[in-house]
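Undergrad: Before I ask anything, here is the structure I am working with.
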Amino acid sequence: AREMNLSETAFVWQKPDGHFRARYFTPAEEIPLAGHPTIATVFALVETGRLKVDAYLKIPLELRDGPIDVEIFASAGRVERVVMSQRKPQFLRIYSPEQALPAFGLSAADLLPGACIQTVSTGTPQLFIPLKNLDSLRRSQVDMQKFAALRQTGDFFSVHPFCLQGLERGQTFARHFALLPDIAEDPFTGSATGGMAAYLWHYGLIESPTFIAEQGHWMQRPGLGFVEVVGARENIETVKVGGGAVAVLRGELSL
C-alpha cells in the first residue's frame with residue numbers, strides 16, 4: 001500500500017465457500033471500510049471473470065469487521081453501477097467549534113447555523129463539519145500540527161467538511177482530509193459520503209433520502225456518488241452509496 005501510495009489499496013482473496021474477502025489499507029494503516037476500494041474491488045472481480053453477472057447480482061463482501069452487501073447493476077455483462085450498503089450508523093462524539101475548526105482555518109461563522117460538528121461511523125469513524133456555503137468549504141486549509149493534535153485526542157480517522165450546495169448535479173459538495181503519510185486530501189470518499197448522508201437525514205437537513213453527492217472538482221478530479229438512506233430518521237438501517245467504475249491500469253505483481 002505504501003508503494004502504490006493511493007488513498008486505499010485492497011487485498012482480495014476467495015474463501016472456500018466461494019465468497020470474497022477484502023482488507024483495505026491506506027499508505028499508513030488498515031481501515032475497516034471504504035467506498036472506492038469496495039466499488040473497485042467488485043468491479044475488478046467482474047472484469048477479470050471471477051464474478052459473473054448479466055443484469056443484476058447481489059453478493060456479500062467480507063471485510064475486516066464482517067460482511068456488507070454489494071449490488072452490481074450491469075447491461076449485457078458490462079458493469080454500469082456498483083452499490084455498497086454501509087453499516088448501521090453510529091453517532092459518536094460532538095466537538096465544539098473551538099476544538100475542531102482552528103485545525104482547518106475556519107471559525108464558528110463558517111458553520112451551518114444550528115448544526116453540530118460530530119463523529120459518525122457507517123464503518124469507519126469520520127468527523128463531519130457542516131459548513132454554510134461553498135466559499136467556507138473552499139477556504140478550508142489544514143494546519144497539520146493542529147490536525148494531528150485534534151486527531152490524537154479524537155475518536156475519528158479522517159475529516160469530512162461539507163455544505164448543502166452542489167457544483168453541477170449534486171445536492172452536497174465535500175472535501176476530505178487525512179494526516180500524512182496518507183493522502184492529504186481525498187478526491188472522493190465513499191465511506192464518508194455514507195456517514196454524511198446519515199448525519200443529514202438524522203438531523204433533518206435533507207428532505208429526500210436519495211441524493212447525489214459531489215467531491216473532488218477543485219482538485220480537477222470530479223466525482224459523484226449516488227446515495228440512498230434506508231430507514232427512519234431516528235433509526236437508520238443502512239446507507240447505500242454507489243457509482244460507476246472503469247479500469248485504468250492492469251499489471252502483474254512479481255514476488
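Ligands are numbered from 1 in the order shown, chains are lettered A, B, ... in the order of the C-alpha cells, and residues start at 1 in each chain.
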So that I can check the surroundings of Ala40 of chain A, please list as a PyMOL selection string every protein, DNA and RNA residue that reaches within 12 Å of it, counting only C-alpha atoms and ignoring chain neighbours fewer than 2 positions away.
TA: chain A and resi 8-12+22+24+34-38+42-48+70+72+79+81-84+190+242-249
Undergrad: Hey, what does DSSP flag as alpha helix (DSSP H) within segment 109-147 of chain A? Can you give it to me as a PyMOL selection string?
TA: chain A and resi 134-139+144-147
Undergrad: Which is closer to Glu214 of chain A than all the others in A:Ala148, A:Ile183, A:Ala192, A:Leu57, using only C-alpha atoms?
TA: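 Between A:Ala148, A:Ile183, A:Ala192, A:Leu57, the residue approaching Glu214 of chain A most closely is A:Ala192.
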Undergrad: What's around Lys15 of chain A at 12 Å? Count only C-alpha atoms, leave out sequence neighbours fewer than 3 positions away in its own chain, and write the answer as an MDAnalysis selection string.
TA: chainID A and resid 12 18:22 60:62
Undergrad: Store the residues picked out above in a file with C-alpha atoms, as a PDB file, in the first residue's frame.
TA:
ATOM      1  CA  VAL A  12      -8.672  -9.624  -2.000  1.00  0.00           C
ATOM      2  CA  GLY A  18     -16.872 -19.033  -2.998  1.00  0.00           C
ATOM      3  CA  HIS A  19     -17.440 -15.619  -1.456  1.00  0.00           C
ATOM      4  CA  PHE A  20     -14.750 -12.952  -1.458  1.00  0.00           C
ATOM      5  CA  ARG A  21     -12.945 -11.260   1.397  1.00  0.00           C
ATOM      6  CA  ALA A  22     -11.047  -7.965   1.284  1.00  0.00           C
ATOM      7  CA  PRO A  60     -21.767 -10.411   0.478  1.00  0.00           C
ATOM      8  CA  LEU A  61     -18.266  -8.941   0.638  1.00  0.00           C
ATOM      9  CA  GLU A  62     -16.418  -9.992   3.780  1.00  0.00           C
TER      10      GLU A  62
END
Undergrad: Can you tell me which residues surround His160 of chain A at a distance of at most 7 Å, considering only C-alpha atoms, apart from same-chain residues fewer than 4 positions away, and format the answer as a list of chain:residue names?
TA: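 Surrounding residues, per the criterion: A:Gln126, A:Leu127, A:Phe128, A:Ile129, A:Ala174, A:Arg175, A:His176, A:Phe177, A:Ala192.
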Undergrad: Can you list, as a PyMOL selection string, every residue of segment 35-184 of chain A that DSSP puts in strand (DSSP E)?
TA: chain A and resi 56-63+66-75+78-85+90-95+117-121+125-131+158-163+172-174
Undergrad: Here is a test: counting only C-alpha atoms, which residue of A:Ile31, A:Gln171, A:Asn235, A:Gln118 is nearest to Phe157 of chain A?
TA: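 Going through A:Ile31, A:Gln171, A:Asn235, A:Gln118 one by one, the smallest distance to Phe157 of chain A is for A:Ile31.
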Undergrad: Rounded to one decimal place, report the atom CA of Cys116 of chain A-atom CA of Gly225 of chain A distance in Å.
TA: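 The value is 23.7 Å.
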Undergrad: With distances taken over only C-alpha atoms, which residue among A:Arg233, A:Lys132, A:Arg78, A:Lys88 lies nearest Pro209 of chain A?
TA: A:Arg233
